[in-house]
>>> print(open('final_31.cif').read())   # mmCIF, C-alpha atoms
data_protein
#
loop_
_atom_site.label_atom_id
_atom_site.label_comp_id
_atom_site.auth_asym_id
_atom_site.auth_seq_id
_atom_site.Cartn_x
_atom_site.Cartn_y
_atom_site.Cartn_z
CA MET D 1 0.00 0.00 0.00
CA PRO D 2 1.62 3.30 -1.09
CA TYR D 3 2.08 6.23 1.50
CA PRO D 4 1.49 9.95 0.70
CA ASP D 5 5.01 11.01 1.67
CA LEU D 6 6.41 8.63 -0.87
CA ALA D 7 4.54 10.51 -3.67
CA PHE D 8 5.49 14.13 -2.38
CA PRO D 9 8.92 14.29 -3.97
CA ARG D 10 7.40 13.71 -7.36
CA ALA D 11 4.65 16.49 -6.91
CA ALA D 12 6.90 19.22 -5.31
CA PRO D 13 8.50 20.54 -8.51
CA ALA D 14 5.08 21.10 -10.10
CA ALA D 15 3.61 22.90 -7.03
CA ALA D 16 6.64 25.13 -6.69
CA ALA D 17 6.38 26.11 -10.32
CA LEU D 18 2.67 26.96 -9.94
CA LEU D 19 3.29 29.14 -6.80
CA ALA D 20 6.11 31.02 -8.50
CA SER D 21 3.87 31.72 -11.45
CA CYS D 22 1.13 33.19 -9.22
CA LEU D 23 3.55 35.39 -7.28
CA SER D 24 5.03 36.68 -10.50
CA ALA D 25 1.60 37.56 -11.88
CA ALA D 26 0.67 39.41 -8.68
CA ALA D 27 3.92 41.38 -8.73
CA LEU D 28 3.36 42.34 -12.34
CA ALA D 29 -0.20 43.49 -11.54
CA GLN D 30 0.95 45.53 -8.54
CA ALA D 31 3.72 47.10 -10.60
CA ALA D 32 1.18 47.99 -13.24
CA ASP D 33 -1.10 49.67 -10.60
CA ALA D 34 1.74 51.49 -8.77
CA PRO D 35 1.48 55.32 -9.29
CA THR D 36 4.28 57.45 -10.58
CA LEU D 37 5.09 61.09 -9.84
CA GLU D 38 4.06 62.02 -13.35
CA ALA D 39 0.73 60.22 -12.98
CA CYS D 40 -0.02 61.87 -9.61
CA ALA D 41 0.87 65.33 -10.93
CA ALA D 42 -1.55 64.89 -13.80
CA ILE D 43 -4.55 64.38 -11.43
CA GLY D 44 -6.73 67.53 -11.31
CA ALA D 45 -8.75 67.10 -8.08
CA SER D 46 -6.66 68.12 -5.07
CA THR D 47 -8.01 65.38 -2.79
CA ASP D 48 -7.37 62.67 -5.38
CA ARG D 49 -3.91 64.03 -6.16
CA LEU D 50 -3.02 64.01 -2.43
CA ALA D 51 -4.26 60.41 -2.13
CA CYS D 52 -2.05 59.46 -5.08
CA TYR D 53 1.03 60.97 -3.44
CA ASP D 54 0.19 59.21 -0.14
CA LYS D 55 -0.09 55.91 -1.98
CA LEU D 56 3.22 56.49 -3.77
CA ALA D 57 4.90 57.26 -0.43
CA GLY D 58 3.38 54.20 1.23
CA ARG D 59 1.21 56.17 3.71
CA ALA D 60 -2.15 54.85 4.86
CA THR D 61 -5.14 56.59 3.32
CA ALA D 62 -7.16 58.68 5.83
CA PRO D 63 -10.67 57.37 6.44
CA ALA D 64 -13.41 59.22 4.62
CA VAL D 65 -15.25 61.87 6.66
CA PRO D 66 -19.02 61.45 6.65
CA PRO D 67 -20.77 64.38 4.97
CA ALA D 68 -22.51 65.34 8.22
CA GLN D 69 -19.14 65.85 9.95
CA GLU D 70 -17.42 67.80 7.22
CA ALA D 71 -16.38 71.33 8.19
CA LEU D 72 -18.62 74.05 6.85
CA PRO D 73 -17.05 76.54 4.47
CA VAL D 74 -16.35 79.93 6.04
CA ALA D 75 -19.04 81.58 3.95
CA ALA D 76 -21.62 79.04 5.10
CA ALA D 77 -20.92 79.33 8.83
CA PRO D 78 -23.77 80.82 10.90
CA ALA D 79 -23.36 84.51 11.64
CA SER D 80 -24.27 84.18 15.32
CA THR D 81 -21.05 83.20 17.07
CA SER D 82 -19.97 83.74 20.65
CA LEU D 83 -16.61 84.90 21.95
CA LEU D 84 -17.21 82.66 24.94
CA ALA D 85 -17.83 79.50 22.88
CA PRO D 86 -15.02 77.04 22.06
CA THR D 87 -13.05 77.72 18.91
CA GLY D 88 -15.12 76.85 15.87
CA ALA D 89 -18.32 76.40 17.89
CA THR D 90 -21.48 78.34 17.06
CA LEU D 91 -24.60 79.28 18.95
CA PRO D 92 -28.04 78.23 17.73
CA GLN D 93 -30.16 80.96 16.20
CA SER D 94 -32.85 82.21 18.59
CA THR D 95 -36.41 81.81 17.37
CA GLU D 96 -37.93 84.01 20.10
CA PRO D 97 -39.04 87.52 19.03
CA LYS D 98 -36.99 90.38 20.42
CA ALA D 99 -38.59 92.53 23.12
CA GLN D 100 -40.06 95.82 21.88
CA THR D 101 -37.73 98.59 23.05
CA THR D 102 -39.19 102.08 22.72
CA LEU D 103 -38.48 105.50 24.21
CA MET D 104 -41.07 104.99 26.94
CA SER D 105 -39.71 101.51 27.68
CA LYS D 106 -36.17 102.86 28.00
CA TYR D 107 -37.34 105.75 30.19
CA TRP D 108 -39.16 103.57 32.73
CA GLU D 109 -37.18 100.35 32.06
CA LEU D 110 -40.32 98.43 31.17
CA GLU D 111 -38.65 95.52 29.37
CA SER D 112 -36.09 93.13 30.83
CA ALA D 113 -33.55 94.30 28.24
CA ASP D 114 -33.90 97.90 29.50
CA LYS D 115 -33.39 97.16 33.22
CA ARG D 116 -30.41 99.05 34.67
CA GLY D 117 -30.53 97.88 38.27
CA ILE D 118 -31.13 99.90 41.43
CA PHE D 119 -29.69 103.16 42.79
CA ASN D 120 -28.79 104.55 39.37
CA PHE D 121 -29.70 108.25 39.54
CA VAL D 122 -31.20 109.48 36.27
CA GLY D 123 -33.27 112.43 35.10
CA TYR D 124 -36.96 112.55 35.94
CA ARG D 125 -38.80 115.69 34.88
CA PRO D 126 -36.93 118.14 32.65
CA ASN D 127 -33.73 119.55 34.15
CA TYR D 128 -33.24 123.07 32.84
CA VAL D 129 -31.81 126.53 33.36
CA LEU D 130 -33.77 129.43 31.86
CA PRO D 131 -31.74 132.67 32.16
CA ILE D 132 -34.71 134.46 30.58
CA HIS D 133 -38.12 133.91 32.13
CA VAL D 134 -40.73 136.61 31.65
CA THR D 135 -44.18 136.57 33.26
CA SER D 136 -47.21 138.67 32.38
CA ARG D 137 -47.64 139.73 36.00
CA ILE D 138 -46.18 139.10 39.45
CA ASN D 139 -48.27 137.91 42.40
CA ARG D 140 -47.52 140.80 44.75
CA SER D 141 -50.02 139.80 47.45
CA PRO D 142 -50.28 136.00 47.77
CA GLN D 143 -53.04 134.71 50.03
CA SER D 144 -55.33 131.73 50.69
CA PRO D 145 -58.58 131.12 52.62
CA THR D 146 -56.55 130.20 55.73
CA GLN D 147 -53.52 132.49 55.24
CA ALA D 148 -53.37 136.26 55.48
CA VAL D 149 -52.28 138.50 52.63
CA VAL D 150 -48.52 139.01 52.43
CA GLU D 151 -47.28 142.01 50.50
CA GLN D 152 -44.25 141.20 48.33
CA PRO D 153 -41.29 143.38 47.35
CA ALA D 154 -41.19 145.10 43.99
CA TYR D 155 -40.14 141.99 42.09
CA ARG D 156 -39.38 142.32 38.39
CA ARG D 157 -41.33 140.40 35.76
CA GLU D 158 -38.01 139.36 34.20
CA GLU D 159 -36.18 136.69 36.17
CA ALA D 160 -34.48 133.30 35.85
CA LYS D 161 -36.03 129.88 36.36
CA PHE D 162 -34.39 126.53 36.88
CA GLN D 163 -35.45 123.02 37.79
CA LEU D 164 -33.56 119.97 39.06
CA SER D 165 -35.32 116.61 38.95
CA LEU D 166 -33.85 113.17 39.70
CA ARG D 167 -35.14 109.66 40.31
CA THR D 168 -33.73 106.30 41.20
CA LYS D 169 -35.04 102.78 41.50
CA LEU D 170 -35.14 101.28 44.99
CA ALA D 171 -36.16 97.74 44.03
CA GLN D 172 -36.93 95.59 40.97
CA ASP D 173 -39.58 92.91 40.50
CA VAL D 174 -41.64 94.00 43.50
CA LEU D 175 -44.87 92.03 44.10
CA LEU D 176 -45.72 91.78 40.37
CA PRO D 177 -43.57 90.64 37.39
CA GLU D 178 -41.23 93.40 36.14
CA ALA D 179 -42.80 95.91 38.58
CA ASP D 180 -40.36 98.43 40.10
CA LEU D 181 -40.31 100.82 43.05
CA TRP D 182 -38.94 104.31 42.35
CA VAL D 183 -38.35 107.51 44.32
CA GLY D 184 -38.05 110.96 42.78
CA PHE D 185 -37.24 114.51 43.82
CA THR D 186 -37.94 117.77 41.97
CA GLN D 187 -36.97 121.32 42.92
CA GLN D 188 -38.16 124.35 40.96
CA VAL D 189 -36.81 127.85 41.65
CA LEU D 190 -37.67 131.35 40.43
CA TRP D 191 -34.66 133.63 40.86
CA GLN D 192 -34.72 137.42 40.56
CA ILE D 193 -31.27 137.41 39.00
CA TRP D 194 -31.94 140.62 37.06
CA ASN D 195 -33.09 142.46 40.20
CA GLY D 196 -29.88 143.96 41.52
CA LYS D 197 -31.79 146.56 43.52
CA ASP D 198 -33.16 143.88 45.89
CA SER D 199 -29.94 141.80 45.96
CA LYS D 200 -31.21 139.16 43.47
CA PRO D 201 -33.40 137.08 45.84
CA PHE D 202 -35.10 133.75 45.18
CA ARG D 203 -38.75 134.62 44.66
CA ASN D 204 -40.06 131.08 45.06
CA SER D 205 -38.75 127.53 45.65
CA ASP D 206 -40.89 124.39 45.45
CA TYR D 207 -39.76 120.97 46.70
CA GLU D 208 -41.47 117.76 45.65
CA PRO D 209 -40.39 114.27 46.79
CA GLU D 210 -42.44 111.27 45.71
CA VAL D 211 -42.59 107.48 45.74
CA ILE D 212 -43.68 105.63 42.59
CA TYR D 213 -44.74 102.03 42.10
CA LEU D 214 -44.73 101.18 38.40
CA VAL D 215 -46.27 98.08 36.80
CA PRO D 216 -45.62 97.35 33.09
CA THR D 217 -48.65 96.25 31.10
CA PRO D 218 -48.61 92.54 30.15
CA GLN D 219 -48.07 91.89 26.46
CA SER D 220 -51.57 90.47 25.99
CA TRP D 221 -53.18 93.70 27.30
CA ARG D 222 -51.14 96.29 25.40
CA GLU D 223 -52.90 96.54 22.05
CA LEU D 224 -55.34 99.45 21.77
CA PRO D 225 -57.30 100.92 18.83
CA LEU D 226 -55.53 103.07 16.19
CA GLY D 227 -52.15 101.50 16.87
CA TRP D 228 -51.76 102.80 20.43
CA GLN D 229 -50.28 100.63 23.17
CA TRP D 230 -50.93 100.73 26.90
CA ARG D 231 -47.43 100.43 28.41
CA TYR D 232 -47.66 100.91 32.19
CA THR D 233 -49.65 101.85 35.29
CA GLN D 234 -48.31 103.98 38.15
CA PHE D 235 -49.33 104.39 41.76
CA GLY D 236 -47.72 107.38 43.43
CA LEU D 237 -47.49 109.24 46.75
CA ALA D 238 -46.17 112.82 46.63
CA HIS D 239 -45.59 115.81 48.88
CA GLN D 240 -45.06 119.37 47.67
CA SER D 241 -44.06 122.41 49.70
CA ASN D 242 -42.64 125.88 49.13
CA GLY D 243 -40.54 125.70 52.30
CA GLN D 244 -41.92 128.99 53.69
CA SER D 245 -43.21 129.76 57.14
CA ASP D 246 -46.71 131.08 57.80
CA PRO D 247 -48.42 133.02 56.36
CA LEU D 248 -46.54 132.27 53.09
CA SER D 249 -46.42 128.51 53.67
CA ARG D 250 -48.07 126.35 51.00
CA SER D 251 -48.07 122.54 50.92
CA TRP D 252 -50.14 119.47 50.11
CA ASN D 253 -49.95 115.68 50.06
CA ARG D 254 -51.54 113.57 47.36
CA VAL D 255 -51.84 110.11 45.85
CA TYR D 256 -52.25 109.53 42.15
CA LEU D 257 -52.99 106.87 39.58
CA ALA D 258 -51.38 107.23 36.15
CA SER D 259 -51.04 105.29 32.90
CA GLY D 260 -48.69 105.62 29.94
CA PHE D 261 -49.56 105.05 26.28
CA GLU D 262 -47.50 105.31 23.10
CA ARG D 263 -47.73 105.08 19.33
CA GLY D 264 -44.67 105.61 17.17
CA ASP D 265 -43.23 109.09 17.85
CA TRP D 266 -46.10 109.94 20.21
CA SER D 267 -46.72 109.14 23.86
CA LEU D 268 -49.45 110.12 26.29
CA THR D 269 -49.53 110.13 30.09
CA ALA D 270 -52.82 110.46 31.95
CA ARG D 271 -52.90 111.05 35.71
CA LEU D 272 -55.71 111.38 38.25
CA THR D 273 -54.85 112.98 41.61
CA GLN D 274 -56.54 112.74 44.99
CA ARG D 275 -55.42 115.11 47.71
CA LEU D 276 -54.99 113.71 51.20
CA ASN D 277 -57.14 115.74 53.57
CA GLU D 278 -55.72 117.45 56.63
CA PRO D 279 -57.27 119.46 59.47
CA ILE D 280 -58.41 122.91 58.38
CA ALA D 281 -56.36 124.43 61.18
CA THR D 282 -53.15 123.26 59.52
CA ASP D 283 -54.26 123.39 55.87
CA ASN D 284 -52.46 126.29 54.18
CA ASN D 285 -54.39 126.00 50.92
CA PRO D 286 -57.68 124.09 51.28
CA ASP D 287 -58.93 125.15 47.82
CA LEU D 288 -55.76 124.16 45.95
CA GLN D 289 -57.32 121.52 43.70
CA THR D 290 -60.09 123.91 42.72
CA TYR D 291 -57.48 125.99 40.89
CA ARG D 292 -54.66 123.59 40.13
CA GLY D 293 -56.83 120.67 39.02
CA ARG D 294 -57.38 116.99 39.68
CA GLY D 295 -56.13 115.55 36.40
CA GLU D 296 -53.03 115.88 34.24
CA PHE D 297 -52.68 114.88 30.59
CA GLN D 298 -49.32 115.17 28.88
CA LEU D 299 -48.81 114.53 25.16
CA ASN D 300 -45.19 114.02 24.07
CA TRP D 301 -43.67 114.01 20.60
CA SER D 302 -40.16 112.85 19.73
CA HIS D 303 -39.06 112.90 16.12
CA GLY D 304 -35.44 112.77 15.01
CA VAL D 305 -33.46 114.97 17.37
CA GLN D 306 -36.21 117.31 18.54
CA THR D 307 -38.87 116.79 21.20
CA ALA D 308 -42.03 118.61 22.26
CA SER D 309 -44.62 118.17 25.01
CA LEU D 310 -47.99 119.66 25.86
CA LEU D 311 -49.25 119.43 29.45
CA TYR D 312 -52.86 120.13 30.38
CA ARG D 313 -53.99 120.35 34.00
CA SER D 314 -57.73 120.12 34.47
CA THR D 315 -60.22 120.36 37.31
CA LEU D 316 -62.37 117.89 35.33
CA GLN D 317 -65.24 120.33 35.87
CA GLY D 318 -64.69 122.91 33.14
CA LEU D 319 -62.08 125.05 31.42
CA LYS D 320 -62.05 128.05 33.76
CA TYR D 321 -59.19 126.80 35.95
CA GLY D 322 -56.19 124.53 35.43
CA ALA D 323 -53.25 125.30 33.16
CA VAL D 324 -51.53 124.57 29.85
CA GLN D 325 -47.75 124.24 29.45
CA PHE D 326 -45.75 123.72 26.25
CA GLU D 327 -42.07 122.67 26.09
CA TRP D 328 -39.72 122.17 23.13
CA THR D 329 -36.09 120.97 22.97
CA TYR D 330 -33.40 120.70 20.29
CA PRO D 331 -29.76 119.59 20.68
CA ILE D 332 -27.10 122.29 20.68
CA TYR D 333 -24.76 119.81 19.00
CA LYS D 334 -26.55 117.44 16.64
CA ASP D 335 -23.94 114.70 17.14
CA GLN D 336 -24.64 114.78 20.91
CA PRO D 337 -28.43 114.54 21.24
CA ASN D 338 -28.16 113.49 24.91
CA GLY D 339 -26.00 116.49 25.80
CA LEU D 340 -27.06 120.12 26.20
CA ARG D 341 -30.26 121.01 24.37
CA TRP D 342 -32.02 124.29 23.67
CA PHE D 343 -35.15 124.52 25.80
CA VAL D 344 -38.26 126.68 25.37
CA GLN D 345 -41.18 126.76 27.82
CA ALA D 346 -44.53 128.57 27.69
CA PHE D 347 -47.12 128.50 30.50
CA ARG D 348 -50.64 129.87 30.90
CA GLY D 349 -53.05 129.33 33.78
CA TYR D 350 -52.99 128.74 37.51
CA GLY D 351 -50.23 127.23 39.63
CA GLU D 352 -46.94 127.77 37.84
CA THR D 353 -45.59 127.74 41.40
CA LEU D 354 -47.14 126.46 44.59
CA THR D 355 -47.31 130.00 46.02
CA ASP D 356 -49.23 131.05 42.91
CA TYR D 357 -51.67 128.11 42.97
CA ASN D 358 -54.66 130.52 42.87
CA PHE D 359 -53.02 133.18 40.69
CA ARG D 360 -53.41 133.28 36.92
CA GLN D 361 -50.51 134.31 34.69
CA THR D 362 -48.79 133.76 31.36
CA SER D 363 -45.03 133.22 31.17
CA PHE D 364 -42.33 132.41 28.65
CA GLY D 365 -38.80 131.09 29.23
CA ALA D 366 -35.78 130.10 27.13
CA GLY D 367 -32.51 128.41 28.02
CA VAL D 368 -30.95 124.96 28.04
CA THR D 369 -31.89 121.54 29.36
CA PHE D 370 -29.49 118.82 30.49
CA LEU D 371 -29.24 115.42 32.21
CA GLN D 372 -31.45 113.37 29.94
CA PHE D 373 -32.57 109.98 31.23
#
>>> encode(input="final_31.cif", output="structure tokens")
Amino acid sequence: MPYPDLAFPRAAPAAAALLASCLSAAALAQAADAPTLEACAAIGASTDRLACYDKLAGRATAPAVPPAQEALPVAAAPASTSLLAPTGATLPQSTEPKAQTTLMSKYWELESADKRGIFNFVGYRPNYVLPIHVTSRINRSPQSPTQAVVEQPAYRREEAKFQLSLRTKLAQDVLLPEADLWVGFTQQVLWQIWNGKDSKPFRNSDYEPEVIYLVPTPQSWRELPLGWQWRYTQFGLAHQSNGQSDPLSRSWNRVYLASGFERGDWSLTARLTQRLNEPIATDNNPDLQTYRGRGEFQLNWSHGVQTASLLYRSTLQGLKYGAVQFEWTYPIYKDQPNGLRWFVQAFRGYGETLTDYNFRQTSFGAGVTFLQF
């Protein structure tokens, strides 16, 4: 019986020849596929040309990058990037609508984007200096039902008038969403600066501190007819005094409810006032609201760099009493609209000052205003 190993010597030469033939064919095929420098240089596409050079140098080909992970071209990168994000990272585009920021919103910080924190002192009512203030007549014998007549010096009708008015926020988000608590202070002075004969005295000074609680109107309640928007509601407590002793002393305390509305370049503030009663023995001016009024309506206009306002004080019982006041401003330097501005003021009616609450006059003043909000 023959054994396999006895037949191997006869089959070995044939197997060896077959293996050598296969290896030779493979080598020839590989040599035929091997790139050359000239072949690589002739490739147009940069990525294919680089792959050809890598293959010629014997380097492994980098794995293909899935399309989803490929780097975006610079021109296709989103525009919203953050300096705080990692290099190359981007922030998602916000789909929420931006809050409506208007002049009234900036003034009272109605929107979250306009909040400036607490204890930042800013302007309240107009701050101005009027070197020229001329009145139609001077109240030379002020009096009231509970105060005797006081004869005044020979004051001139030409004088100066100035007003300083500041406010600051004491607290944010008080009781209601976005509601703020403010305090304000206003001082108005009439100065006989052109009266050298009487040593240029102050004819009148009024002081008015107040506390204001302001509630922005919710977005769903703002829309009003004709494009107007209801922006806020105010609750206020105020005191006003002329700082004089009897019988020239005048003062009163009041609470008020106010609302603010706006439409484009226009805004409107409506205010209803209720005086806090006091004993007649200490009331220096019991009939003050009969002359000065119980309501205030102020229409404001701001277009470009100029502003104007019209204030109407009403007794809500007719046109005989109350007052009308017009103010206009324009920047001295157009490139600095928040700097010094020309200021013009005209007044007609009762109560330009607290001492003159029951005295009717017409006045006109011109000067500059400063310290915008």
>>> atom_distance(input="final_31.cif", atom1="atom CA of Trp221 of chain D", atom2="atom CA of Thr307 of chain D")
27.8 Å
>>> closest_residue(input="final_31.cif", among="D:Leu311, D:Ala148, D:Val174, D:Ala179", to="Asp246 of chain D", atoms="all atoms listed in the file")
D:Ala148
>>> residues_around(input="final_31.cif", residues="Phe347 of chain D", least_positions_apart="6", cutoff="9 Å", atoms="only C-alpha atoms", output="ChimeraX atom specification")
/D:323-327,361-365
>>> atom_distance(input="final_31.cif", atom1="atom CA of Tyr321 of chain D", atom2="atom CA of Arg250 of chain D")
18.7 Å
>>> resolve_selection(input="final_31.cif", expression="the PyMOL selection byres ((chain D and resi 181) around 10)", output="MDAnalysis selection string")
chainID D and resid 118 168:175 179:180 182:183 211:215 234:236
>>> resolve_selection(input="final_31.cif", expression="the PyMOL selection byres ((chain D and resi 285-300) around 8)", output="PyMOL selection string")
chain D and resi 144-147+250-252+266-275+280+283-284+301-302+307-316+321-323+350-351+357-358
>>> write_last_selection(input="final_31.cif", atoms="C-alpha atoms", output="PDB file, in the frame of the given file")
ATOM      1  CA  SER D 144     -55.330 131.730  50.690  1.00  0.00           C
ATOM      2  CA  PRO D 145     -58.580 131.120  52.620  1.00  0.00           C
ATOM      3  CA  THR D 146     -56.550 130.200  55.730  1.00  0.00           C
ATOM      4  CA  GLN D 147     -53.520 132.490  55.240  1.00  0.00           C
ATOM      5  CA  ARG D 250     -48.070 126.350  51.000  1.00  0.00           C
ATOM      6  CA  SER D 251     -48.070 122.540  50.920  1.00  0.00           C
ATOM      7  CA  TRP D 252     -50.140 119.470  50.110  1.00  0.00           C
ATOM      8  CA  TRP D 266     -46.100 109.940  20.210  1.00  0.00           C
ATOM      9  CA  SER D 267     -46.720 109.140  23.860  1.00  0.00           C
ATOM     10  CA  LEU D 268     -49.450 110.120  26.290  1.00  0.00           C
ATOM     11  CA  THR D 269     -49.530 110.130  30.090  1.00  0.00           C
ATOM     12  CA  ALA D 270     -52.820 110.460  31.950  1.00  0.00           C
ATOM     13  CA  ARG D 271     -52.900 111.050  35.710  1.00  0.00           C
ATOM     14  CA  LEU D 272     -55.710 111.380  38.250  1.00  0.00           C
ATOM     15  CA  THR D 273     -54.850 112.980  41.610  1.00  0.00           C
ATOM     16  CA  GLN D 274     -56.540 112.740  44.990  1.00  0.00           C
ATOM     17  CA  ARG D 275     -55.420 115.110  47.710  1.00  0.00           C
ATOM     18  CA  ILE D 280     -58.410 122.910  58.380  1.00  0.00           C
ATOM     19  CA  ASP D 283     -54.260 123.390  55.870  1.00  0.00           C
ATOM     20  CA  ASN D 284     -52.460 126.290  54.180  1.00  0.00           C
ATOM     21  CA  TRP D 301     -43.670 114.010  20.600  1.00  0.00           C
ATOM     22  CA  SER D 302     -40.160 112.850  19.730  1.00  0.00           C
ATOM     23  CA  THR D 307     -38.870 116.790  21.200  1.00  0.00           C
ATOM     24  CA  ALA D 308     -42.030 118.610  22.260  1.00  0.00           C
ATOM     25  CA  SER D 309     -44.620 118.170  25.010  1.00  0.00           C
ATOM     26  CA  LEU D 310     -47.990 119.660  25.860  1.00  0.00           C
ATOM     27  CA  LEU D 311     -49.250 119.430  29.450  1.00  0.00           C
ATOM     28  CA  TYR D 312     -52.860 120.130  30.380  1.00  0.00           C
ATOM     29  CA  ARG D 313     -53.990 120.350  34.000  1.00  0.00           C
ATOM     30  CA  SER D 314     -57.730 120.120  34.470  1.00  0.00           C
ATOM     31  CA  THR D 315     -60.220 120.360  37.310  1.00  0.00           C
ATOM     32  CA  LEU D 316     -62.370 117.890  35.330  1.00  0.00           C
ATOM     33  CA  TYR D 321     -59.190 126.800  35.950  1.00  0.00           C
ATOM     34  CA  GLY D 322     -56.190 124.530  35.430  1.00  0.00           C
ATOM     35  CA  ALA D 323     -53.250 125.300  33.160  1.00  0.00           C
ATOM     36  CA  TYR D 350     -52.990 128.740  37.510  1.00  0.00           C
ATOM     37  CA  GLY D 351     -50.230 127.230  39.630  1.00  0.00           C
ATOM     38  CA  TYR D 357     -51.670 128.110  42.970  1.00  0.00           C
ATOM     39  CA  ASN D 358     -54.660 130.520  42.870  1.00  0.00           C
TER      40      ASN D 358
END
